[in-house]
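Chemist: Contents of final25.pdb (PDB, C-alpha atoms, pLDDT in the B column):
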ATOM      1  CA  MET A   1       7.678  -5.790  -0.832  1.00 96.00           C
ATOM      2  CA  LEU A   2       7.952  -5.341   2.895  1.00 97.00           C
ATOM      3  CA  TYR A   3       5.284  -6.394   5.389  1.00 98.00           C
ATOM      4  CA  GLY A   4       5.034  -5.943   9.120  1.00 97.00           C
ATOM      5  CA  HIS A   5       3.355  -4.341  12.102  1.00 98.00           C
ATOM      6  CA  LEU A   6       3.961  -0.731  13.103  1.00 98.00           C
ATOM      7  CA  SER A   7       4.746  -1.798  16.689  1.00 97.00           C
ATOM      8  CA  ASP A   8       7.746  -3.855  15.479  1.00 96.00           C
ATOM      9  CA  THR A   9      10.095  -0.895  15.049  1.00 95.00           C
ATOM     10  CA  GLU A  10      13.172  -3.072  14.582  1.00 95.00           C
ATOM     11  CA  ALA A  11      11.694  -4.564  11.393  1.00 94.00           C
ATOM     12  CA  TYR A  12      11.605  -1.223   9.568  1.00 95.00           C
ATOM     13  CA  ALA A  13      14.521   0.459  11.376  1.00 95.00           C
ATOM     14  CA  PRO A  14      16.892  -0.060   8.382  1.00 95.00           C
ATOM     15  CA  LEU A  15      14.581   2.110   6.251  1.00 96.00           C
ATOM     16  CA  LEU A  16      14.844   5.035   8.654  1.00 96.00           C
ATOM     17  CA  SER A  17      18.287   6.046   7.392  1.00 96.00           C
ATOM     18  CA  ASN A  18      16.387   7.534   4.440  1.00 97.00           C
ATOM     19  CA  GLU A  19      14.763  10.905   5.227  1.00 97.00           C
ATOM     20  CA  ALA A  20      11.538  10.138   3.339  1.00 98.00           C
ATOM     21  CA  TRP A  21      10.980   6.827   5.174  1.00 98.00           C
ATOM     22  CA  ARG A  22      11.890   8.399   8.508  1.00 97.00           C
ATOM     23  CA  PHE A  23       9.336  11.166   7.930  1.00 98.00           C
ATOM     24  CA  ALA A  24       6.637   8.699   6.766  1.00 98.00           C
ATOM     25  CA  PHE A  25       7.042   6.333   9.732  1.00 98.00           C
ATOM     26  CA  ASP A  26       7.260   9.214  12.240  1.00 97.00           C
ATOM     27  CA  TRP A  27       4.041  10.615  10.788  1.00 98.00           C
ATOM     28  CA  LEU A  28       2.406   7.193  10.911  1.00 97.00           C
ATOM     29  CA  ARG A  29       3.348   6.627  14.560  1.00 97.00           C
ATOM     30  CA  ARG A  30       1.722   9.982  15.463  1.00 97.00           C
ATOM     31  CA  LEU A  31      -1.492   9.186  13.576  1.00 97.00           C
ATOM     32  CA  PRO A  32      -4.630   9.818  15.664  1.00 96.00           C
ATOM     33  CA  PRO A  33      -6.947   6.814  16.091  1.00 92.00           C
ATOM     34  CA  ASP A  34      -9.642   8.287  13.830  1.00 95.00           C
ATOM     35  CA  PRO A  35      -7.957  10.443  11.178  1.00 98.00           C
ATOM     36  CA  GLU A  36      -9.942  12.572   8.754  1.00 97.00           C
ATOM     37  CA  PRO A  37     -10.364  10.841   5.369  1.00 98.00           C
ATOM     38  CA  GLY A  38      -8.924  12.556   2.324  1.00 98.00           C
ATOM     39  CA  ILE A  39      -5.813  13.158   0.270  1.00 98.00           C
ATOM     40  CA  ARG A  40      -3.237  15.611   1.578  1.00 97.00           C
ATOM     41  CA  GLU A  41       0.368  16.431   0.959  1.00 98.00           C
ATOM     42  CA  LEU A  42       2.780  15.597   3.738  1.00 97.00           C
ATOM     43  CA  ARG A  43       5.839  17.061   2.008  1.00 95.00           C
ATOM     44  CA  GLY A  44       4.631  18.350  -1.305  1.00 96.00           C
ATOM     45  CA  PRO A  45       3.449  16.179  -4.200  1.00 96.00           C
ATOM     46  CA  ASP A  46       6.355  13.742  -3.779  1.00 98.00           C
ATOM     47  CA  LEU A  47       5.128  12.545  -0.365  1.00 98.00           C
ATOM     48  CA  TYR A  48       1.394  12.489   0.280  1.00 98.00           C
ATOM     49  CA  VAL A  49      -1.270  10.396   1.996  1.00 98.00           C
ATOM     50  CA  ASN A  50      -4.673   9.094   0.971  1.00 98.00           C
ATOM     51  CA  ILE A  51      -6.826   8.137   3.987  1.00 98.00           C
ATOM     52  CA  HIS A  52      -9.920   6.202   2.973  1.00 98.00           C
ATOM     53  CA  GLY A  53     -12.188   3.270   3.641  1.00 98.00           C
ATOM     54  CA  TYR A  54     -14.229   0.863   1.573  1.00 98.00           C
ATOM     55  CA  GLU A  55     -16.166  -2.373   1.567  1.00 98.00           C
ATOM     56  CA  THR A  56     -13.920  -5.272   0.676  1.00 98.00           C
ATOM     57  CA  LEU A  57     -14.721  -7.402  -2.360  1.00 98.00           C
ATOM     58  CA  PRO A  58     -14.503 -10.998  -3.575  1.00 97.00           C
ATOM     59  CA  VAL A  59     -11.081 -11.693  -5.086  1.00 96.00           C
ATOM     60  CA  ALA A  60     -12.546 -11.996  -8.609  1.00 95.00           C
ATOM     61  CA  GLU A  61     -13.548  -8.313  -8.437  1.00 97.00           C
ATOM     62  CA  CYS A  62     -10.068  -7.069  -7.470  1.00 97.00           C
ATOM     63  CA  ARG A  63      -7.194  -6.158  -9.782  1.00 97.00           C
ATOM     64  CA  TYR A  64      -3.429  -6.337  -9.578  1.00 98.00           C
ATOM     65  CA  GLU A  65      -1.687  -3.004  -9.961  1.00 98.00           C
ATOM     66  CA  SER A  66       1.756  -1.442  -9.722  1.00 98.00           C
ATOM     67  CA  HIS A  67       3.148   2.071  -9.858  1.00 98.00           C
ATOM     68  CA  ARG A  68       6.228   3.583 -11.473  1.00 97.00           C
ATOM     69  CA  LYS A  69       6.552   7.018  -9.856  1.00 97.00           C
ATOM     70  CA  TYR A  70       5.427   6.185  -6.318  1.00 98.00           C
ATOM     71  CA  VAL A  71       6.089   3.521  -3.729  1.00 98.00           C
ATOM     72  CA  ASP A  72       3.010   2.613  -1.672  1.00 98.00           C
ATOM     73  CA  LEU A  73       3.126   2.325   2.084  1.00 98.00           C
ATOM     74  CA  GLN A  74      -0.298   0.831   2.810  1.00 98.00           C
ATOM     75  CA  TYR A  75      -1.398   0.818   6.454  1.00 98.00           C
ATOM     76  CA  CYS A  76      -4.526  -0.680   8.023  1.00 98.00           C
ATOM     77  CA  ILE A  77      -6.092   1.623  10.613  1.00 98.00           C
ATOM     78  CA  ARG A  78      -9.020  -0.686  11.417  1.00 98.00           C
ATOM     79  CA  GLY A  79     -10.990  -3.495   9.872  1.00 98.00           C
ATOM     80  CA  GLY A  80      -9.158  -5.734   7.483  1.00 98.00           C
ATOM     81  CA  GLU A  81      -8.505  -6.961   3.983  1.00 98.00           C
ATOM     82  CA  THR A  82      -6.133  -9.249   2.182  1.00 98.00           C
ATOM     83  CA  ILE A  83      -3.678  -8.088  -0.453  1.00 98.00           C
ATOM     84  CA  ASP A  84      -2.132 -10.508  -2.927  1.00 98.00           C
ATOM     85  CA  TRP A  85       1.448  -9.860  -4.023  1.00 98.00           C
ATOM     86  CA  GLN A  86       3.434 -11.019  -7.047  1.00 97.00           C
ATOM     87  CA  ARG A  87       6.495  -9.594  -8.783  1.00 97.00           C
ATOM     88  CA  THR A  88       5.481  -7.668 -11.882  1.00 97.00           C
ATOM     89  CA  VAL A  89       7.810  -9.746 -14.088  1.00 97.00           C
ATOM     90  CA  HIS A  90       5.436 -12.668 -13.437  1.00 97.00           C
ATOM     91  CA  LEU A  91       2.293 -10.680 -14.298  1.00 97.00           C
ATOM     92  CA  VAL A  92       0.703  -9.937 -17.685  1.00 97.00           C
ATOM     93  CA  PRO A  93      -0.299  -6.285 -18.214  1.00 98.00           C
ATOM     94  CA  ASP A  94      -4.005  -5.632 -18.622  1.00 98.00           C
ATOM     95  CA  GLY A  95      -3.986  -2.544 -20.822  1.00 97.00           C
ATOM     96  CA  PRO A  96      -1.419   0.232 -21.155  1.00 98.00           C
ATOM     97  CA  PHE A  97       0.302   2.044 -18.290  1.00 98.00           C
ATOM     98  CA  GLN A  98      -1.813   5.011 -17.195  1.00 98.00           C
ATOM     99  CA  MET A  99       0.761   7.758 -16.664  1.00 97.00           C
ATOM    100  CA  ALA A 100      -1.700  10.354 -15.297  1.00 96.00           C
ATOM    101  CA  LYS A 101      -2.779   7.942 -12.534  1.00 96.00           C
ATOM    102  CA  ASP A 102       0.628   6.230 -12.187  1.00 98.00           C
ATOM    103  CA  VAL A 103      -0.930   2.786 -12.456  1.00 98.00           C
ATOM    104  CA  GLN A 104      -0.458  -0.364 -14.476  1.00 98.00           C
ATOM    105  CA  PHE A 105      -3.151  -3.026 -14.102  1.00 98.00           C
ATOM    106  CA  TYR A 106      -2.482  -6.738 -14.603  1.00 98.00           C
ATOM    107  CA  LEU A 107      -4.377  -9.920 -15.297  1.00 97.00           C
ATOM    108  CA  PRO A 108      -4.864 -12.293 -12.337  1.00 93.00           C
ATOM    109  CA  ALA A 109      -1.905 -14.460 -11.344  1.00 90.00           C
ATOM    110  CA  GLU A 110      -2.090 -18.135 -10.480  1.00 86.00           C
ATOM    111  CA  SER A 111       0.637 -17.994  -7.845  1.00 91.00           C
ATOM    112  CA  HIS A 112       1.044 -15.249  -5.289  1.00 94.00           C
ATOM    113  CA  ALA A 113       1.615 -14.484  -1.632  1.00 96.00           C
ATOM    114  CA  THR A 114      -1.321 -13.217   0.409  1.00 97.00           C
ATOM    115  CA  LEU A 115      -0.909 -10.577   3.104  1.00 98.00           C
ATOM    116  CA  ARG A 116      -3.455 -10.246   5.896  1.00 98.00           C
ATOM    117  CA  MET A 117      -3.922  -6.606   6.713  1.00 98.00           C
ATOM    118  CA  THR A 118      -5.475  -5.850  10.104  1.00 98.00           C
ATOM    119  CA  ASP A 119      -5.113  -3.015  12.615  1.00 97.00           C
ATOM    120  CA  GLY A 120      -1.488  -1.826  12.656  1.00 98.00           C
ATOM    121  CA  ASN A 121      -0.196  -3.873   9.710  1.00 98.00           C
ATOM    122  CA  TYR A 122       1.658  -2.163   6.868  1.00 98.00           C
ATOM    123  CA  ALA A 123       2.900  -3.290   3.487  1.00 98.00           C
ATOM    124  CA  ILE A 124       5.314  -1.424   1.242  1.00 98.00           C
ATOM    125  CA  PHE A 125       5.025  -2.007  -2.491  1.00 98.00           C
ATOM    126  CA  PHE A 126       7.864  -0.919  -4.789  1.00 97.00           C
ATOM    127  CA  PRO A 127       7.549  -0.490  -8.584  1.00 97.00           C
ATOM    128  CA  THR A 128       8.408  -4.179  -9.114  1.00 97.00           C
ATOM    129  CA  ASP A 129       5.639  -5.314  -6.732  1.00 98.00           C
ATOM    130  CA  GLY A 130       2.272  -6.133  -8.215  1.00 98.00           C
ATOM    131  CA  HIS A 131      -0.394  -5.959  -5.531  1.00 98.00           C
ATOM    132  CA  ARG A 132      -4.114  -6.742  -5.475  1.00 98.00           C
ATOM    133  CA  PRO A 133      -5.804  -4.905  -2.585  1.00 98.00           C
ATOM    134  CA  LYS A 134      -9.485  -4.605  -1.582  1.00 98.00           C
ATOM    135  CA  GLN A 135     -10.011  -8.338  -1.028  1.00 98.00           C
ATOM    136  CA  SER A 136     -12.332  -9.593   1.671  1.00 98.00           C
ATOM    137  CA  ASP A 137     -10.486 -11.397   4.440  1.00 97.00           C
ATOM    138  CA  GLY A 138     -13.651 -13.295   5.398  1.00 97.00           C
ATOM    139  CA  ARG A 139     -13.879 -11.549   8.791  1.00 97.00           C
ATOM    140  CA  HIS A 140     -14.046  -7.801   8.157  1.00 97.00           C
ATOM    141  CA  PRO A 141     -16.611  -6.430   5.690  1.00 97.00           C
ATOM    142  CA  THR A 142     -14.766  -3.086   5.537  1.00 98.00           C
ATOM    143  CA  VAL A 143     -11.319  -1.603   5.917  1.00 98.00           C
ATOM    144  CA  PHE A 144     -10.256   1.897   6.929  1.00 98.00           C
ATOM    145  CA  LYS A 145      -6.697   2.444   5.751  1.00 98.00           C
ATOM    146  CA  LEU A 146      -4.225   4.872   4.360  1.00 98.00           C
ATOM    147  CA  VAL A 147      -1.685   4.836   1.591  1.00 98.00           C
ATOM    148  CA  ILE A 148       1.380   7.011   1.903  1.00 98.00           C
ATOM    149  CA  LYS A 149       2.724   7.648  -1.576  1.00 98.00           C
ATOM    150  CA  VAL A 150       6.487   8.204  -1.633  1.00 98.00           C
ATOM    151  CA  ALA A 151       8.014   9.312  -4.924  1.00 98.00           C
ATOM    152  CA  HIS A 152      10.586   6.715  -5.976  1.00 94.00           C
ATOM    153  CA  SER A 153      13.005   9.587  -6.639  1.00 95.00           C
ATOM    154  CA  LEU A 154      13.124  10.334  -2.867  1.00 97.00           C
ATOM    155  CA  LEU A 155      14.458   6.858  -2.203  1.00 94.00           C
ATOM    156  CA  LEU A 156      17.411   6.854  -4.604  1.00 87.00           C
TER     157      LEU A 156
END
Show me, as structure tokens, the structure contained in the file I just sent.

Modeler:
Amino acid sequence: MLYGHLSDTEAYAPLLSNEAWRFAFDWLRRLPPDPEPGIRELRGPDLYVNIHGYETLPVAECRYESHRKYVDLQYCIRGGETIDWQRTVHLVPDGPFQMAKDVQFYLPAESHATLRMTDGNYAIFFPTDGHRPKQSDGRHPTVFKLVIKVAHSLLL
């Protein structure tokens, strides 16, 4: 898992040697302040974005998840939420892996790190990173965000 602010270019500079990360961060830096919601391919089905918003929820209503095919680059456009993080080896699966949706859900974890996502913050979740988004941060009732999905195969 990587966490930072888009304005801190030195923090993610090591990733930019990879073409997929370079493209994703270049695209993100050019993002208009009020992008159109929706799912669209950036470079075919292996690199796409989902721009969306929602009301945040109490932690008890949120679920841990991870993905096998895609790496998530989650970015907060405005509003806020918290996202809990825990390595998947420390999580207990909650049902089978859903291949069609590329998602594995997990039972809640007792220990975790909590990321505060506000305007300009990003978090990158790899296949070994369980993450529990959608949580209320106690200040923002909603979040408007995007998730850039990068096929793991582009990063090898």

Chemist: For this structure, which residues satisfy the selection - the PyMOL selection byres ((chain A and resi 121-125) around 9) - when it is evaluated on the file as given? I want them as a PyMOL selection string.

Modeler: chain A and resi 1-7+66-67+71-77+85+115-120+126-131

Chemist: Just checking: using all atoms listed in the file, which residue out of A:Tyr64, A:Thr9, A:Ser153, A:His90 ends up closest to Leu107 in chain A?

Modeler: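 The shortest atom-to-atom distance to Leu107 in chain A comes from A:Tyr64.
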
Chemist: Output as a Markdown table one row per residue of range 82-147 of chain A within 10 Å of range 23-35 of chain A: the closest atom pair and its distance in Å to one decimal place, counting all atoms listed in the file, sorted by chain and residue number ascending.

Modeler:
| residue | atom | partner | partner_atom | distance |
| --- | --- | --- | --- | --- |
| A:Gly120 | CA | A:Arg29 | CA | 9.9 |
| A:Phe144 | CA | A:Asp34 | CA | 9.4 |
| A:Lys145 | CA | A:Pro35 | CA | 9.7 |
| A:Leu146 | CA | A:Pro35 | CA | 9.6 |

Chemist: Residues picked by the PyMOL selection byres ((chain A and resi 110) around 12) here, as a ChimeraX atom specification?

Modeler: /A:64,84-86,90-92,107-109,111-114

Chemist: May I have the residues from that selection written out with C-alpha atoms, as a CSV table (one decimal), keeping the file's coordinate frame?

Modeler:
chain,number,residue,atom,x,y,z
A,64,TYR,CA,-3.4,-6.3,-9.6
A,84,ASP,CA,-2.1,-10.5,-2.9
A,85,TRP,CA,1.4,-9.9,-4.0
A,86,GLN,CA,3.4,-11.0,-7.0
A,90,HIS,CA,5.4,-12.7,-13.4
A,91,LEU,CA,2.3,-10.7,-14.3
A,92,VAL,CA,0.7,-9.9,-17.7
A,107,LEU,CA,-4.4,-9.9,-15.3
A,108,PRO,CA,-4.9,-12.3,-12.3
A,109,ALA,CA,-1.9,-14.5,-11.3
A,111,SER,CA,0.6,-18.0,-7.8
A,112,HIS,CA,1.0,-15.2,-5.3
A,113,ALA,CA,1.6,-14.5,-1.6
A,114,THR,CA,-1.3,-13.2,0.4

Chemist: Which protein, DNA or RNA residues have an atom at most 9 Å from (-9.7, -11.2, -7.6), counting all atoms listed in the file? List them as a list of chain:residue names.

Modeler: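 Every polymer residue passing the test: A:Leu57, A:Pro58, A:Val59, A:Ala60, A:Glu61, A:Cys62, A:Arg63, A:Tyr64, A:Asp84, A:Pro108, A:Arg132, A:Pro133, A:Lys134, A:Gln135.
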